[in-house]
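Read through the structure below, which is laid out as structure tokens, and then see the notes.
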Amino acid sequence: MRAIEFHGGERRELVERPDPGPGPGEPLIAPAAVGICGTDVEIFDGSMAYFRDGLAAYPIVPGHEWAGEVVDVGAGVAGFAPGDRVVGEVAIGCGRCVRCRAGRPHVCALRSETGIVHRDGAMASRLVFPAAHAHPVTLDPEAAALVEPTSVALNAARRGEVAGRSVAVIGAGPIGLLAAQCARAEGAAAVAVTDTRADRLAAARGLGFPELPEGEDAIDVALLCAGGETAVAAALAAVRPGGLVVAVGLCGAPRIPFDYDRLITHDLAVRGVLGSVGLWPEAIALIERGAVQTAPLVTATFGLERARDALESLAGNLKVLIDPRSG
């Protein structure tokens with residue numbers, strides 16, 4: 001099998017490894033489409049927060065947004081057979097600690113995260129994955145690869161309690177455009193989007209979302225789907241007094257300045273949201289029934305050998321996919 005390895009210092013290697021076999025409870029999967037997101041860039045350049053926290057270490061086979069086809073199954077696997085299309089979760093907890101027992105394996109101190117922490121991702125021609133954290137799909141691979149970011153976006157909308165409320169999405173990248181669609185599906189009274197890039201605002205309009213009026217400060221909930229000082233300032237400025245900011249976009253920096261006093265004087269709540277535990281079947285259903293459209297977001301696809309080109313192309317694209325079946 002072939003796999004992409006990141007080694008730090010923006011060093012990438014295409015390596016050959018022995019073909020793996022599935023262990024008990026594991027299907028062996030041939031990845032067919034793998035999304036690249038900002039986290040993959042941060043792994044590549046070393047700015048990811050998990051490096052600062054000591055959770056992650058190189059080498060890393062990236063690829064946490066993926067879809068593939070079952071090739072073989074290990075002993076005890078039920079519900080999957082060769083030929084089945086499948087997607088898989090990111091955070092896999094120990095299952096024993098207080099956080100896992102409370103349904104929060106995404107903050108388990110002993111967790112693995114596919115393609116990020118202690119578990120190989122799908123930028124490879126083969127992937128062994130635990131069946132307990134895999135989900136069958138009927139979607140095409142290009143759509144199924146966006147189940148993971150859709151589940152993250154749905155988590156942000158749910159944590160923002162958007163039903164019946166006005167929502168501003170800050171950042172019209174893939175997560176932002178998915179979050180806007182999830183907020184609409186969750187029954188938000190109105191959803192507007194803001195971004196600094198005209199092409200991304202055009203993509204938002206194509207999905208039916210107007211631009212947030214400049215100077216608007218009467219929004220109930222801001223879904224902060226971008227990182228950095230400008231995005232944080234926009235989110236804090238958009239929400240009304242007593243409003244809520246849901247932060248889901250990472251910035252890749254340990255500190256950014258923001259208007260702390262505004263949190264107090266406007267009685268604001270800020271809620272950090274990580275991952276997508278427990279929402280995968282619902283995210284799949286949203287895409288299957290067309291409530292979330294993924295095709296407009298996918299603007300480029302590269303073969304496995306062009307992983308670096310794929311990373312470098314993100315600046316001019318929305319969602320970039322890797323197809324590990326091609327060179």
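Going through the structure tokens in order, the chains are called A, B, and so on, while each chain numbers its residues from 1 and the ligands are numbered from 1 in the order shown.
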Please, which residues in range 149-260 of chain A fall within 10 Å of range 37-55 of chain A when counting only C-alpha atoms, and what is the closest atom pair and distance in Å to one decimal for each, ordered by chain then residue number, as a tab-separated table?
```
residue	atom	partner	partner_atom	distance
A:Pro149	CA	A:Cys37	CA	8.9
A:Gly173	CA	A:Cys37	CA	9.7
A:Pro174	CA	A:Cys37	CA	8.4
A:Ile175	CA	A:Cys37	CA	9.1
A:Ala226	CA	A:Gly38	CA	9.8
A:Gly249	CA	A:Gly38	CA	9.0
A:Leu250	CA	A:Thr39	CA	8.0
A:Cys251	CA	A:Met48	CA	8.8
A:Gly252	CA	A:Ser47	CA	5.3
A:Ala253	CA	A:Ser47	CA	6.9
A:Pro254	CA	A:Ala49	CA	7.4
```
For this session: List every residue of range 215-251 of chain A that DSSP, applied to the backbone, labels as helix (DSSP H, G or I), and write the result as a ChimeraX atom specification.
Result: /A:229-238
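Using only C-alpha atoms for every distance, the candidate list A:Ala143, A:Ala291, A:Ala198, A:Gly93 yields A:Ala291 as the residue closest to Glu186 in chain A.
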For this session: Using only C-alpha atoms, determine which residues lie at most 10 Å from range 306-316 of chain A, disregarding the query and same-chain residues fewer than 5 positions distant; provide the list as a ChimeraX atom specification.
Result: /A:4,10-14,35-38,40-41,44,123,199,299-301,321-324,326-327
Restricting it to N, CA and C atoms, dump the selection as a PDB file, in the first residue's frame.
```
ATOM      1  N   ILE A   4       0.583   8.793   2.373  1.00  0.00           N
ATOM      2  CA  ILE A   4       1.239  10.080   2.569  1.00  0.00           C
ATOM      3  C   ILE A   4       1.584  10.208   4.049  1.00  0.00           C
ATOM      4  N   GLU A  10       7.015  21.051   7.046  1.00  0.00           N
ATOM      5  CA  GLU A  10       6.422  20.991   5.717  1.00  0.00           C
ATOM      6  C   GLU A  10       7.080  19.900   4.857  1.00  0.00           C
ATOM      7  N   ARG A  11       7.473  18.816   5.518  1.00  0.00           N
ATOM      8  CA  ARG A  11       8.048  17.671   4.793  1.00  0.00           C
ATOM      9  C   ARG A  11       6.990  16.604   4.620  1.00  0.00           C
ATOM     10  N   ARG A  12       6.788  16.211   3.376  1.00  0.00           N
ATOM     11  CA  ARG A  12       5.798  15.205   3.025  1.00  0.00           C
ATOM     12  C   ARG A  12       6.495  14.076   2.278  1.00  0.00           C
ATOM     13  N   GLU A  13       6.113  12.850   2.595  1.00  0.00           N
ATOM     14  CA  GLU A  13       6.678  11.698   1.905  1.00  0.00           C
ATOM     15  C   GLU A  13       5.560  10.773   1.440  1.00  0.00           C
ATOM     16  N   LEU A  14       5.696  10.259   0.240  1.00  0.00           N
ATOM     17  CA  LEU A  14       4.825   9.196  -0.251  1.00  0.00           C
ATOM     18  C   LEU A  14       5.567   7.891  -0.027  1.00  0.00           C
ATOM     19  N   GLY A  35     -11.118  14.480   1.989  1.00  0.00           N
ATOM     20  CA  GLY A  35     -11.131  15.932   2.006  1.00  0.00           C
ATOM     21  C   GLY A  35      -9.920  16.497   2.729  1.00  0.00           C
ATOM     22  N   ILE A  36      -9.449  17.649   2.263  1.00  0.00           N
ATOM     23  CA  ILE A  36      -8.378  18.387   2.937  1.00  0.00           C
ATOM     24  C   ILE A  36      -9.005  19.583   3.624  1.00  0.00           C
ATOM     25  N   CYS A  37      -8.659  19.781   4.881  1.00  0.00           N
ATOM     26  CA  CYS A  37      -9.190  20.944   5.598  1.00  0.00           C
ATOM     27  C   CYS A  37      -8.047  21.687   6.266  1.00  0.00           C
ATOM     28  N   GLY A  38      -8.402  22.762   6.972  1.00  0.00           N
ATOM     29  CA  GLY A  38      -7.388  23.579   7.613  1.00  0.00           C
ATOM     30  C   GLY A  38      -6.550  22.818   8.615  1.00  0.00           C
ATOM     31  N   ASP A  40      -5.465  19.798   8.322  1.00  0.00           N
ATOM     32  CA  ASP A  40      -4.399  19.120   7.587  1.00  0.00           C
ATOM     33  C   ASP A  40      -3.262  20.079   7.253  1.00  0.00           C
ATOM     34  N   VAL A  41      -3.611  21.303   6.912  1.00  0.00           N
ATOM     35  CA  VAL A  41      -2.582  22.310   6.652  1.00  0.00           C
ATOM     36  C   VAL A  41      -1.784  22.586   7.921  1.00  0.00           C
ATOM     37  N   PHE A  44       0.597  19.882   8.519  1.00  0.00           N
ATOM     38  CA  PHE A  44       1.689  19.990   7.551  1.00  0.00           C
ATOM     39  C   PHE A  44       2.705  21.045   7.978  1.00  0.00           C
ATOM     40  N   MET A 123      -5.301   9.211   3.765  1.00  0.00           N
ATOM     41  CA  MET A 123      -4.486   9.547   2.598  1.00  0.00           C
ATOM     42  C   MET A 123      -3.549   8.389   2.319  1.00  0.00           C
ATOM     43  N   ASP A 199     -15.432  35.478  -3.778  1.00  0.00           N
ATOM     44  CA  ASP A 199     -15.819  34.201  -4.371  1.00  0.00           C
ATOM     45  C   ASP A 199     -16.568  33.326  -3.373  1.00  0.00           C
ATOM     46  N   THR A 299     -14.292  21.777  -5.355  1.00  0.00           N
ATOM     47  CA  THR A 299     -13.838  22.539  -6.517  1.00  0.00           C
ATOM     48  C   THR A 299     -12.538  22.009  -7.127  1.00  0.00           C
ATOM     49  N   ALA A 300     -11.933  20.980  -6.532  1.00  0.00           N
ATOM     50  CA  ALA A 300     -10.711  20.404  -7.114  1.00  0.00           C
ATOM     51  C   ALA A 300     -10.464  19.031  -6.513  1.00  0.00           C
ATOM     52  N   THR A 301      -9.884  18.143  -7.349  1.00  0.00           N
ATOM     53  CA  THR A 301      -9.515  16.792  -6.906  1.00  0.00           C
ATOM     54  C   THR A 301      -8.125  16.462  -7.431  1.00  0.00           C
ATOM     55  N   LEU A 321     -10.303  17.632  -2.704  1.00  0.00           N
ATOM     56  CA  LEU A 321     -10.294  16.211  -2.385  1.00  0.00           C
ATOM     57  C   LEU A 321      -9.038  15.551  -2.918  1.00  0.00           C
ATOM     58  N   ILE A 322      -8.609  14.503  -2.210  1.00  0.00           N
ATOM     59  CA  ILE A 322      -7.587  13.578  -2.678  1.00  0.00           C
ATOM     60  C   ILE A 322      -8.284  12.281  -3.057  1.00  0.00           C
ATOM     61  N   ASP A 323      -7.947  11.745  -4.228  1.00  0.00           N
ATOM     62  CA  ASP A 323      -8.437  10.430  -4.633  1.00  0.00           C
ATOM     63  C   ASP A 323      -7.278   9.441  -4.534  1.00  0.00           C
ATOM     64  N   PRO A 324      -7.211   8.634  -3.453  1.00  0.00           N
ATOM     65  CA  PRO A 324      -6.068   7.727  -3.288  1.00  0.00           C
ATOM     66  C   PRO A 324      -6.008   6.616  -4.322  1.00  0.00           C
ATOM     67  N   SER A 326      -5.904   7.154  -7.497  1.00  0.00           N
ATOM     68  CA  SER A 326      -5.169   7.631  -8.653  1.00  0.00           C
ATOM     69  C   SER A 326      -3.853   8.232  -8.214  1.00  0.00           C
ATOM     70  N   GLY A 327      -2.919   8.333  -9.167  1.00  0.00           N
ATOM     71  CA  GLY A 327      -1.610   8.864  -8.867  1.00  0.00           C
ATOM     72  C   GLY A 327      -1.577  10.374  -8.831  1.00  0.00           C
TER      73      GLY A 327
END
```
For this session: Find the residues around Ala188 in chain A up to 8 Å (only C-alpha atoms counted), leave out those fewer than 2 positions away in its own chain, and share them as a PyMOL selection string.
Result: chain A and resi 162-167+183-186+190-191
Exercise. Do you have the CA of Leu223 in chain A-CA of His118 in chain A distance handy?
Worked result: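 So the two atoms, CA of Leu223 in chain A and CA of His118 in chain A, lie 29.5 Å apart.
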Problem set entry | Option closest in space to Arg126 in chain A, from A:Pro59, A:Pro31, A:Gly83, A:Gly278 [counting only C-alpha atoms] |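 Smallest separation from Arg126 in chain A among the options: A:Pro31.
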For this session: Do a neighbour search on Val270 in chain A at 10 Å with only C-alpha atoms, toss out local chain neighbours closer than 6 positions, and write the hits as a list in words.
Result: Gly160, Val221, Ala222, Leu224, Leu236, Gly243, Leu244, Val245, Val246, Ala247 and Leu263 of chain A
Output file for the residues above (N, CA, C and O atoms, as a short mmCIF file (atom, residue, chain, number, x, y, z; two decimals), in the first residue's frame):
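Contents of again_23.cif, as written:
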```cif
data_model
loop_
_atom_site.label_atom_id
_atom_site.label_comp_id
_atom_site.auth_asym_id
_atom_site.auth_seq_id
_atom_site.Cartn_x
_atom_site.Cartn_y
_atom_site.Cartn_z
N GLY A 160 -25.38 25.83 19.12
CA GLY A 160 -25.84 27.21 19.06
C GLY A 160 -27.33 27.36 19.26
O GLY A 160 -27.82 28.49 19.33
N VAL A 221 -27.23 34.50 17.25
CA VAL A 221 -26.14 33.53 17.34
C VAL A 221 -25.16 33.76 16.20
O VAL A 221 -25.57 33.87 15.03
N ALA A 222 -23.88 33.83 16.51
CA ALA A 222 -22.83 33.85 15.50
C ALA A 222 -22.11 32.51 15.52
O ALA A 222 -21.64 32.08 16.58
N LEU A 224 -18.90 30.99 14.49
CA LEU A 224 -17.57 31.46 14.11
C LEU A 224 -16.81 30.32 13.45
O LEU A 224 -16.26 29.44 14.12
N LEU A 236 -17.99 38.86 17.42
CA LEU A 236 -18.36 39.61 18.62
C LEU A 236 -19.18 40.85 18.27
O LEU A 236 -20.07 41.26 19.03
N GLY A 243 -26.29 37.80 23.34
CA GLY A 243 -26.19 36.79 22.28
C GLY A 243 -25.12 35.75 22.55
O GLY A 243 -24.41 35.78 23.57
N LEU A 244 -24.99 34.84 21.59
CA LEU A 244 -24.09 33.68 21.73
C LEU A 244 -23.16 33.60 20.54
O LEU A 244 -23.59 33.72 19.39
N VAL A 245 -21.88 33.37 20.81
CA VAL A 245 -20.88 33.08 19.78
C VAL A 245 -20.46 31.63 19.95
O VAL A 245 -20.00 31.23 21.03
N VAL A 246 -20.62 30.84 18.89
CA VAL A 246 -20.19 29.44 18.89
C VAL A 246 -18.92 29.36 18.05
O VAL A 246 -18.94 29.61 16.84
N ALA A 247 -17.81 29.03 18.67
CA ALA A 247 -16.51 29.02 18.01
C ALA A 247 -16.16 27.60 17.57
O ALA A 247 -16.00 26.71 18.40
N LEU A 263 -17.35 41.37 25.75
CA LEU A 263 -17.98 40.18 26.34
C LEU A 263 -18.78 40.56 27.58
O LEU A 263 -19.88 40.04 27.81
#
```
For the contact check between range 73-101 of chain A and range 65-68 of chain A, emit one row per residue of range 73-101 of chain A within 7 Å, containing the shortest atom pair and the distance in Å rounded to one decimal, counting only C-alpha atoms, chain then rising number order, as CSV.
```
residue,atom,partner,partner_atom,distance
A:Arg85,CA,A:Gly68,CA,5.8
A:Val86,CA,A:Gly68,CA,5.5
A:Val87,CA,A:Ala67,CA,4.7
```
Selection export as a PDB file, in the first residue's frame, atoms kept: C-alpha atoms:
```pdb
ATOM      1  CA  ARG A  85     -19.413   2.166   0.973  1.00  0.00           C
ATOM      2  CA  VAL A  86     -18.341   3.495   4.347  1.00  0.00           C
ATOM      3  CA  VAL A  87     -17.277   6.590   6.275  1.00  0.00           C
TER       4      VAL A  87
END
```
Seminar exercise, completed: Counting only C-alpha atoms, the residue among A:Ala157, A:Val107, A:Ala269, A:Leu139 that lies closest to Ala32 in chain A is A:Leu139
Exercise. Which of range 55-95 of chain A counts as strand (DSSP E) under DSSP, as an MDAnalysis selection string please?
Worked result: chainID A and resid 65:73 85:88 91:92
Quick one: contact table of range 114-138 of chain A to range 19-30 of chain A, 7 Å max, nearest atom pair and distance in Å to one decimal per residue, counting only C-alpha atoms, chain and number order, as CSV?
```
residue,atom,partner,partner_atom,distance
A:Ser125,CA,A:Ala30,CA,5.8
A:Arg126,CA,A:Ala30,CA,4.8
A:Leu127,CA,A:Ile29,CA,5.0
A:Val128,CA,A:Leu28,CA,4.7
A:Phe129,CA,A:Glu26,CA,5.5
A:Pro130,CA,A:Glu26,CA,4.6
A:Ala131,CA,A:Glu26,CA,5.2
```
Residues of the last selection are to be written out with all heavy atoms, as a compact mmCIF listing (two decimals), in the first residue's frame.
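Result written to part_27.txt:
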```
# COMPACT_ATOMS: atom_id res chain seq x y z
N SER A 125 -3.72 4.12 0.29
CA SER A 125 -4.50 3.21 -0.54
C SER A 125 -5.25 2.17 0.27
O SER A 125 -6.17 1.52 -0.25
CB SER A 125 -3.59 2.52 -1.57
OG SER A 125 -2.50 1.89 -0.92
N ARG A 126 -4.90 2.01 1.54
CA ARG A 126 -5.63 1.09 2.43
C ARG A 126 -5.71 1.70 3.83
O ARG A 126 -4.81 2.41 4.28
CB ARG A 126 -4.94 -0.28 2.51
CG ARG A 126 -5.02 -1.11 1.22
CD ARG A 126 -6.45 -1.54 0.95
NE ARG A 126 -6.56 -2.41 -0.21
CZ ARG A 126 -6.78 -1.98 -1.45
NH1 ARG A 126 -6.88 -0.67 -1.69
NH2 ARG A 126 -6.89 -2.84 -2.45
N LEU A 127 -6.81 1.39 4.52
CA LEU A 127 -7.05 1.91 5.86
C LEU A 127 -7.75 0.83 6.67
O LEU A 127 -8.77 0.29 6.23
CB LEU A 127 -7.94 3.16 5.79
CG LEU A 127 -8.46 3.74 7.11
CD1 LEU A 127 -7.30 4.36 7.90
CD2 LEU A 127 -9.54 4.77 6.85
N VAL A 128 -7.19 0.50 7.84
CA VAL A 128 -7.86 -0.39 8.79
C VAL A 128 -8.56 0.49 9.80
O VAL A 128 -7.96 1.41 10.36
CB VAL A 128 -6.85 -1.34 9.47
CG1 VAL A 128 -7.53 -2.13 10.57
CG2 VAL A 128 -6.23 -2.27 8.44
N PHE A 129 -9.85 0.18 10.06
CA PHE A 129 -10.65 1.08 10.87
C PHE A 129 -11.63 0.29 11.74
O PHE A 129 -12.17 -0.73 11.28
CB PHE A 129 -11.44 2.05 9.97
CG PHE A 129 -11.97 3.25 10.68
CD1 PHE A 129 -11.15 4.31 10.97
CD2 PHE A 129 -13.29 3.29 11.10
CE1 PHE A 129 -11.63 5.43 11.64
CE2 PHE A 129 -13.79 4.40 11.77
CZ PHE A 129 -12.95 5.47 12.04
N PRO A 130 -11.88 0.72 12.98
CA PRO A 130 -12.80 -0.03 13.84
C PRO A 130 -14.25 0.07 13.36
O PRO A 130 -14.77 1.18 13.16
CB PRO A 130 -12.61 0.63 15.22
CG PRO A 130 -12.07 1.98 14.93
CD PRO A 130 -11.24 1.85 13.69
N ALA A 131 -14.89 -1.06 13.21
CA ALA A 131 -16.27 -1.09 12.73
C ALA A 131 -17.21 -0.34 13.65
O ALA A 131 -18.22 0.23 13.19
CB ALA A 131 -16.73 -2.54 12.58
```
